[in-house]
file start_25.cif (mmCIF, C-alpha atoms)
data_work
#
loop_
_atom_site.label_atom_id
_atom_site.label_comp_id
_atom_site.auth_asym_id
_atom_site.auth_seq_id
_atom_site.Cartn_x
_atom_site.Cartn_y
_atom_site.Cartn_z
CA MET A 641 87.33 -22.51 -14.80
CA THR A 642 89.47 -24.79 -16.98
CA ILE A 643 86.84 -24.83 -19.73
CA ALA A 644 86.52 -21.03 -19.62
CA ILE A 645 90.31 -20.65 -19.88
CA ARG A 646 90.50 -23.08 -22.82
CA ARG A 647 87.55 -21.37 -24.47
CA LEU A 648 89.50 -18.10 -24.50
CA GLY A 649 92.26 -19.92 -26.37
CA TRP A 650 94.69 -20.07 -23.47
CA ARG A 651 96.63 -23.14 -22.49
CA VAL A 652 96.25 -25.04 -19.23
CA SER A 653 99.40 -26.77 -17.99
CA TYR A 654 99.70 -29.85 -15.83
CA ASP A 655 102.07 -29.82 -12.89
CA GLU A 656 103.03 -33.33 -11.89
CA GLU A 657 104.57 -32.15 -8.63
CA ALA A 658 101.56 -30.11 -7.43
CA ILE A 659 100.27 -30.93 -3.97
CA ALA A 660 96.65 -30.49 -2.96
CA TRP A 661 95.27 -30.81 0.55
CA THR A 662 91.79 -32.27 0.55
CA GLU A 663 89.30 -33.57 3.06
CA ALA A 664 87.50 -36.84 2.36
CA PRO A 665 83.86 -37.29 3.34
CA GLU A 666 83.52 -39.18 6.62
CA THR A 667 80.02 -40.59 6.18
CA ALA A 668 78.09 -42.17 3.33
CA GLY A 669 75.69 -39.22 3.32
CA GLN A 670 78.55 -36.74 2.93
CA LEU A 671 80.00 -38.85 0.11
CA ILE A 672 76.66 -38.91 -1.72
CA ARG A 673 76.24 -35.13 -1.33
CA GLN A 674 79.80 -34.57 -2.57
CA ARG A 675 79.29 -36.76 -5.64
CA PHE A 676 75.97 -35.04 -6.36
CA ARG A 677 77.66 -31.62 -6.21
CA TRP A 678 80.40 -32.84 -8.55
CA THR A 679 77.92 -34.30 -11.04
CA PHE A 680 75.68 -31.25 -10.89
CA GLY A 681 78.68 -28.94 -11.37
CA THR A 682 79.85 -30.98 -14.36
CA LEU A 683 76.36 -30.81 -15.84
CA GLN A 684 76.27 -27.04 -15.30
CA SER A 685 79.68 -26.60 -16.95
CA PHE A 686 78.65 -28.73 -19.90
CA TRP A 687 75.42 -26.75 -20.28
CA LYS A 688 77.16 -23.38 -19.92
CA HIS A 689 79.82 -24.22 -22.52
CA GLY A 690 77.69 -26.48 -24.72
CA ASP A 691 77.91 -24.01 -27.62
CA THR A 692 81.58 -24.99 -28.05
CA LEU A 693 80.61 -28.61 -28.76
CA LEU A 694 81.84 -29.81 -32.17
CA ARG A 695 82.83 -26.29 -33.26
CA PRO A 696 86.16 -26.09 -35.13
CA LYS A 697 86.85 -22.65 -33.63
CA TYR A 698 87.41 -24.23 -30.20
CA GLY A 699 89.64 -27.10 -31.38
CA THR A 700 90.12 -29.96 -28.95
CA LEU A 701 87.85 -28.36 -26.37
CA GLY A 702 84.83 -28.77 -28.64
CA TRP A 703 85.89 -31.95 -30.43
CA ILE A 704 87.45 -33.99 -27.61
CA ALA A 705 87.01 -32.49 -24.13
CA LEU A 706 83.28 -31.73 -24.11
CA PRO A 707 82.22 -34.96 -25.88
CA ASN A 708 84.43 -36.82 -23.37
CA ILE A 709 82.74 -35.03 -20.47
CA PHE A 710 79.31 -35.81 -21.88
CA VAL A 711 79.94 -39.52 -22.45
CA PHE A 712 82.23 -40.46 -19.57
CA GLN A 713 81.12 -38.09 -16.80
CA LEU A 714 77.40 -37.72 -17.50
CA VAL A 715 75.92 -40.52 -19.62
CA LEU A 716 77.87 -43.57 -18.44
CA PRO A 717 77.66 -42.81 -14.71
CA LEU A 718 73.89 -42.44 -15.10
CA ILE A 719 73.26 -45.65 -17.03
CA SER A 720 75.91 -48.03 -15.67
CA PRO A 721 74.14 -48.70 -12.34
CA VAL A 722 70.93 -49.41 -14.26
CA ILE A 723 72.74 -51.86 -16.52
CA ASP A 724 74.27 -53.63 -13.51
CA LEU A 725 70.87 -53.87 -11.79
CA MET A 726 69.28 -55.23 -14.97
CA PHE A 727 72.04 -57.83 -15.30
CA PHE A 728 71.72 -59.07 -11.72
CA GLY A 729 67.92 -58.93 -11.93
CA SER A 730 68.05 -61.06 -15.08
CA LEU A 731 70.26 -63.59 -13.32
CA LEU A 732 67.86 -63.70 -10.38
CA LEU A 733 64.82 -64.22 -12.62
CA TRP A 734 66.64 -66.89 -14.62
CA GLY A 735 67.61 -68.67 -11.40
CA LEU A 736 64.03 -68.54 -10.10
CA ALA A 737 62.74 -69.96 -13.38
CA GLN A 738 65.43 -72.68 -13.43
CA PHE A 739 64.56 -73.92 -9.98
CA ARG A 740 60.84 -73.48 -10.61
CA VAL A 741 60.47 -71.20 -7.59
CA THR A 742 58.07 -69.06 -9.56
CA ARG A 743 55.95 -69.46 -12.67
CA LEU A 744 57.92 -67.26 -15.04
CA PRO A 745 58.13 -67.92 -18.76
CA GLN A 746 61.53 -69.13 -19.90
CA LEU A 747 62.98 -65.96 -21.43
CA TRP A 748 66.65 -66.95 -21.34
CA THR A 749 68.47 -70.13 -22.18
CA THR A 750 71.49 -71.32 -20.26
CA ALA A 751 73.62 -70.27 -23.25
CA ASP A 752 72.20 -66.72 -23.01
CA VAL A 753 73.07 -66.50 -19.32
CA GLU A 754 76.55 -67.91 -19.89
CA LYS A 755 77.17 -65.37 -22.65
CA SER A 756 75.94 -62.52 -20.40
CA VAL A 757 78.18 -63.61 -17.53
CA PHE A 758 81.11 -63.94 -19.95
CA PHE A 759 80.63 -60.36 -21.20
CA PHE A 760 80.08 -58.98 -17.69
CA LEU A 761 83.30 -60.60 -16.46
CA GLY A 762 85.08 -59.44 -19.62
CA PHE A 763 84.16 -55.81 -18.96
CA LEU A 764 85.15 -56.22 -15.32
CA LEU A 765 88.53 -57.60 -16.43
CA ILE A 766 88.98 -54.64 -18.80
CA ASP A 767 88.33 -52.28 -15.86
CA ILE A 768 90.88 -54.09 -13.71
CA LEU A 769 93.50 -54.11 -16.46
CA THR A 770 92.94 -50.42 -17.13
CA CYS A 771 93.48 -49.68 -13.45
CA MET A 772 96.65 -51.77 -13.43
CA VAL A 773 98.02 -49.88 -16.45
CA ALA A 774 97.21 -46.56 -14.79
CA PHE A 775 99.07 -47.62 -11.64
CA ALA A 776 101.99 -48.97 -13.68
CA LEU A 777 102.35 -45.62 -15.46
CA GLU A 778 102.66 -43.85 -12.10
CA ARG A 779 106.00 -45.31 -11.06
CA LYS A 780 106.60 -42.83 -8.21
CA GLU A 781 103.26 -43.44 -6.52
CA ASP A 782 102.86 -45.53 -3.39
CA TRP A 783 100.60 -48.43 -4.41
CA THR A 784 99.57 -49.05 -0.80
CA LEU A 785 97.58 -45.81 -0.83
#
call {"tool": "encode", "arguments": {"input": "start_25.cif", "output": "structure tokens"}}
result
Amino acid sequence: MTIAIRRLGWRVSYDEEAIAWTEAPETAGQLIRQRFRWTFGTLQSFWKHGDTLLRPKYGTLGWIALPNIFVFQLVLPLISPVIDLMFFGSLLLWGLAQFRVTRLPQLWTTADVEKSVFFFLGFLLIDILTCMVAFALERKEDWTL
């Protein structure tokens, strides 16, 4: 609805004091179904309004909002678990080769693994710092939540 409103040229305002009553999923299955619905709905919205993408007529909707949706709500959530699995799989294979548990060719040096771990921890630290900044900007919020 927000995209349709913006597409018509109207403004959408943010109300900091708004209160919403929601229900959280109680089981892992419900959580997975909820996240699937959200992702599928985002994909449908992007597809429905894709003709606004990079069109000057639609201003920030086409130049900022839709590219942001595409990258951060569709592409990254799809590939980030794969990247994590590949990283941990690489560490496992390297460890097996190091301890000669299996006959794998040496594909990685210790320096390669150290560099990978360094970058993985660096990105993790960036995530943590970003979360801390977000919490710091919300001075009225109860951090225990």
call {"tool": "resolve_selection", "arguments": {"input": "start_25.cif", "expression": "the PyMOL selection byres ((chain A and resi 713-723) around 12)", "output": "VMD selection string"}}
result
chain A and resid 675 to 676 678 to 687 705 to 712 724 to 730 756 760 763
call {"tool": "atom_distance", "arguments": {"input": "start_25.cif", "atom1": "atom CA of Ile768 of chain A", "atom2": "atom CA of Thr642 of chain A"}}
result
29.5 Å
call {"tool": "atom_distance", "arguments": {"input": "start_25.cif", "atom1": "atom CA of Asp655 of chain A", "atom2": "atom CA of Ala774 of chain A"}}
result
17.5 Å
call {"tool": "residues_around", "arguments": {"input": "start_25.cif", "residues": "Trp783 of chain A", "least_positions_apart": "4", "cutoff": "12 Å", "atoms": "all atoms listed in the file", "output": "list in words"}}
result
Cys771, Met772, Ala774, Phe775, Ala776, Leu777, Glu778 and Arg779 of chain A
call {"tool": "atom_distance", "arguments": {"input": "start_25.cif", "atom1": "atom CA of Tyr654 of chain A", "atom2": "atom CA of Lys697 of chain A"}}
result
23.1 Å
call {"tool": "closest_residue", "arguments": {"input": "start_25.cif", "among": "A:Thr662, A:Ile672, A:Gly690, A:Tyr698", "to": "Ile645 of chain A", "atoms": "all atoms listed in the file"}}
result
A:Tyr698
call {"tool": "build_atoms", "arguments": {"input": "start_25.cif", "residues": "segment 647-658 of chain A", "atoms": "all heavy atoms", "output": "PDB file, keeping the file's coordinate frame"}}
result
ATOM      1  N   ARG A 647      88.456 -22.015 -23.520  1.00  0.00           N
ATOM      2  CA  ARG A 647      87.550 -21.370 -24.470  1.00  0.00           C
ATOM      3  C   ARG A 647      88.127 -20.048 -24.969  1.00  0.00           C
ATOM      4  O   ARG A 647      87.915 -19.646 -26.106  1.00  0.00           O
ATOM      5  CB  ARG A 647      86.209 -21.157 -23.785  1.00  0.00           C
ATOM      6  CG  ARG A 647      85.153 -20.704 -24.709  1.00  0.00           C
ATOM      7  CD  ARG A 647      83.850 -20.650 -23.985  1.00  0.00           C
ATOM      8  NE  ARG A 647      82.850 -20.198 -24.939  1.00  0.00           N
ATOM      9  CZ  ARG A 647      81.589 -20.383 -24.807  1.00  0.00           C
ATOM     10  NH1 ARG A 647      81.123 -21.001 -23.745  1.00  0.00           N
ATOM     11  NH2 ARG A 647      80.753 -19.950 -25.706  1.00  0.00           N
ATOM     12  N   LEU A 648      88.859 -19.359 -24.108  1.00  0.00           N
ATOM     13  CA  LEU A 648      89.500 -18.100 -24.500  1.00  0.00           C
ATOM     14  C   LEU A 648      90.747 -18.332 -25.347  1.00  0.00           C
ATOM     15  O   LEU A 648      91.376 -17.376 -25.789  1.00  0.00           O
ATOM     16  CB  LEU A 648      89.868 -17.296 -23.245  1.00  0.00           C
ATOM     17  CG  LEU A 648      88.686 -16.762 -22.435  1.00  0.00           C
ATOM     18  CD1 LEU A 648      89.164 -16.178 -21.112  1.00  0.00           C
ATOM     19  CD2 LEU A 648      87.926 -15.733 -23.252  1.00  0.00           C
ATOM     20  N   GLY A 649      91.107 -19.607 -25.540  1.00  0.00           N
ATOM     21  CA  GLY A 649      92.260 -19.920 -26.370  1.00  0.00           C
ATOM     22  C   GLY A 649      93.558 -20.040 -25.587  1.00  0.00           C
ATOM     23  O   GLY A 649      94.622 -20.213 -26.170  1.00  0.00           O
ATOM     24  N   TRP A 650      93.491 -19.938 -24.294  1.00  0.00           N
ATOM     25  CA  TRP A 650      94.690 -20.070 -23.470  1.00  0.00           C
ATOM     26  C   TRP A 650      94.989 -21.533 -23.222  1.00  0.00           C
ATOM     27  O   TRP A 650      94.143 -22.400 -23.375  1.00  0.00           O
ATOM     28  CB  TRP A 650      94.518 -19.339 -22.143  1.00  0.00           C
ATOM     29  CG  TRP A 650      94.382 -17.850 -22.288  1.00  0.00           C
ATOM     30  CD1 TRP A 650      94.283 -17.136 -23.444  1.00  0.00           C
ATOM     31  CD2 TRP A 650      94.307 -16.916 -21.225  1.00  0.00           C
ATOM     32  NE1 TRP A 650      94.162 -15.811 -23.175  1.00  0.00           N
ATOM     33  CE2 TRP A 650      94.166 -15.634 -21.810  1.00  0.00           C
ATOM     34  CE3 TRP A 650      94.344 -17.018 -19.858  1.00  0.00           C
ATOM     35  CZ2 TRP A 650      94.076 -14.485 -21.057  1.00  0.00           C
ATOM     36  CZ3 TRP A 650      94.245 -15.867 -19.104  1.00  0.00           C
ATOM     37  CH2 TRP A 650      94.116 -14.615 -19.704  1.00  0.00           C
ATOM     38  N   ARG A 651      96.193 -21.784 -22.763  1.00  0.00           N
ATOM     39  CA  ARG A 651      96.630 -23.140 -22.490  1.00  0.00           C
ATOM     40  C   ARG A 651      96.585 -23.405 -20.988  1.00  0.00           C
ATOM     41  O   ARG A 651      96.869 -22.527 -20.177  1.00  0.00           O
ATOM     42  CB  ARG A 651      98.074 -23.300 -22.973  1.00  0.00           C
ATOM     43  CG  ARG A 651      98.354 -24.659 -23.554  1.00  0.00           C
ATOM     44  CD  ARG A 651      99.763 -24.730 -23.999  1.00  0.00           C
ATOM     45  NE  ARG A 651     100.519 -25.047 -22.787  1.00  0.00           N
ATOM     46  CZ  ARG A 651     101.822 -25.143 -22.721  1.00  0.00           C
ATOM     47  NH1 ARG A 651     102.545 -24.905 -23.762  1.00  0.00           N
ATOM     48  NH2 ARG A 651     102.419 -25.453 -21.601  1.00  0.00           N
ATOM     49  N   VAL A 652      96.245 -24.631 -20.631  1.00  0.00           N
ATOM     50  CA  VAL A 652      96.250 -25.040 -19.230  1.00  0.00           C
ATOM     51  C   VAL A 652      97.351 -26.090 -19.093  1.00  0.00           C
ATOM     52  O   VAL A 652      97.365 -27.080 -19.822  1.00  0.00           O
ATOM     53  CB  VAL A 652      94.890 -25.636 -18.810  1.00  0.00           C
ATOM     54  CG1 VAL A 652      94.946 -26.124 -17.374  1.00  0.00           C
ATOM     55  CG2 VAL A 652      93.791 -24.610 -18.995  1.00  0.00           C
ATOM     56  N   SER A 653      98.285 -25.852 -18.170  1.00  0.00           N
ATOM     57  CA  SER A 653      99.400 -26.770 -17.990  1.00  0.00           C
ATOM     58  C   SER A 653      99.154 -27.715 -16.819  1.00  0.00           C
ATOM     59  O   SER A 653      98.426 -27.385 -15.883  1.00  0.00           O
ATOM     60  CB  SER A 653     100.696 -25.998 -17.742  1.00  0.00           C
ATOM     61  OG  SER A 653     101.008 -25.208 -18.860  1.00  0.00           O
ATOM     62  N   TYR A 654      99.796 -28.837 -16.874  1.00  0.00           N
ATOM     63  CA  TYR A 654      99.700 -29.850 -15.830  1.00  0.00           C
ATOM     64  C   TYR A 654     101.000 -29.842 -15.040  1.00  0.00           C
ATOM     65  O   TYR A 654     102.085 -29.894 -15.615  1.00  0.00           O
ATOM     66  CB  TYR A 654      99.465 -31.221 -16.471  1.00  0.00           C
ATOM     67  CG  TYR A 654      99.583 -32.377 -15.527  1.00  0.00           C
ATOM     68  CD1 TYR A 654      98.618 -32.612 -14.564  1.00  0.00           C
ATOM     69  CD2 TYR A 654     100.660 -33.245 -15.590  1.00  0.00           C
ATOM     70  CE1 TYR A 654      98.712 -33.680 -13.692  1.00  0.00           C
ATOM     71  CE2 TYR A 654     100.773 -34.321 -14.728  1.00  0.00           C
ATOM     72  CZ  TYR A 654      99.801 -34.529 -13.783  1.00  0.00           C
ATOM     73  OH  TYR A 654      99.898 -35.582 -12.922  1.00  0.00           O
ATOM     74  N   ASP A 655     100.889 -29.774 -13.739  1.00  0.00           N
ATOM     75  CA  ASP A 655     102.070 -29.820 -12.890  1.00  0.00           C
ATOM     76  C   ASP A 655     102.065 -31.126 -12.116  1.00  0.00           C
ATOM     77  O   ASP A 655     101.259 -31.317 -11.210  1.00  0.00           O
ATOM     78  CB  ASP A 655     102.088 -28.630 -11.932  1.00  0.00           C
ATOM     79  CG  ASP A 655     103.348 -28.592 -11.082  1.00  0.00           C
ATOM     80  OD1 ASP A 655     104.244 -29.439 -11.288  1.00  0.00           O
ATOM     81  OD2 ASP A 655     103.438 -27.712 -10.209  1.00  0.00           O
ATOM     82  N   GLU A 656     102.971 -31.998 -12.498  1.00  0.00           N
ATOM     83  CA  GLU A 656     103.030 -33.330 -11.890  1.00  0.00           C
ATOM     84  C   GLU A 656     103.401 -33.281 -10.410  1.00  0.00           C
ATOM     85  O   GLU A 656     103.036 -34.169  -9.643  1.00  0.00           O
ATOM     86  CB  GLU A 656     104.056 -34.168 -12.658  1.00  0.00           C
ATOM     87  CG  GLU A 656     104.040 -35.612 -12.310  1.00  0.00           C
ATOM     88  CD  GLU A 656     104.951 -36.408 -13.219  1.00  0.00           C
ATOM     89  OE1 GLU A 656     104.843 -36.268 -14.438  1.00  0.00           O
ATOM     90  OE2 GLU A 656     105.767 -37.175 -12.681  1.00  0.00           O
ATOM     91  N   GLU A 657     104.094 -32.251 -10.012  1.00  0.00           N
ATOM     92  CA  GLU A 657     104.570 -32.150  -8.630  1.00  0.00           C
ATOM     93  C   GLU A 657     103.618 -31.356  -7.727  1.00  0.00           C
ATOM     94  O   GLU A 657     103.924 -31.135  -6.562  1.00  0.00           O
ATOM     95  CB  GLU A 657     105.959 -31.502  -8.610  1.00  0.00           C
ATOM     96  CG  GLU A 657     106.999 -32.231  -9.443  1.00  0.00           C
ATOM     97  CD  GLU A 657     107.282 -33.643  -8.919  1.00  0.00           C
ATOM     98  OE1 GLU A 657     107.283 -33.840  -7.687  1.00  0.00           O
ATOM     99  OE2 GLU A 657     107.491 -34.531  -9.756  1.00  0.00           O
ATOM    100  N   ALA A 658     102.486 -30.915  -8.232  1.00  0.00           N
ATOM    101  CA  ALA A 658     101.560 -30.110  -7.430  1.00  0.00           C
ATOM    102  C   ALA A 658     101.026 -30.941  -6.258  1.00  0.00           C
ATOM    103  O   ALA A 658     100.832 -32.150  -6.361  1.00  0.00           O
ATOM    104  CB  ALA A 658     100.404 -29.630  -8.297  1.00  0.00           C
TER     105      ALA A 658
END
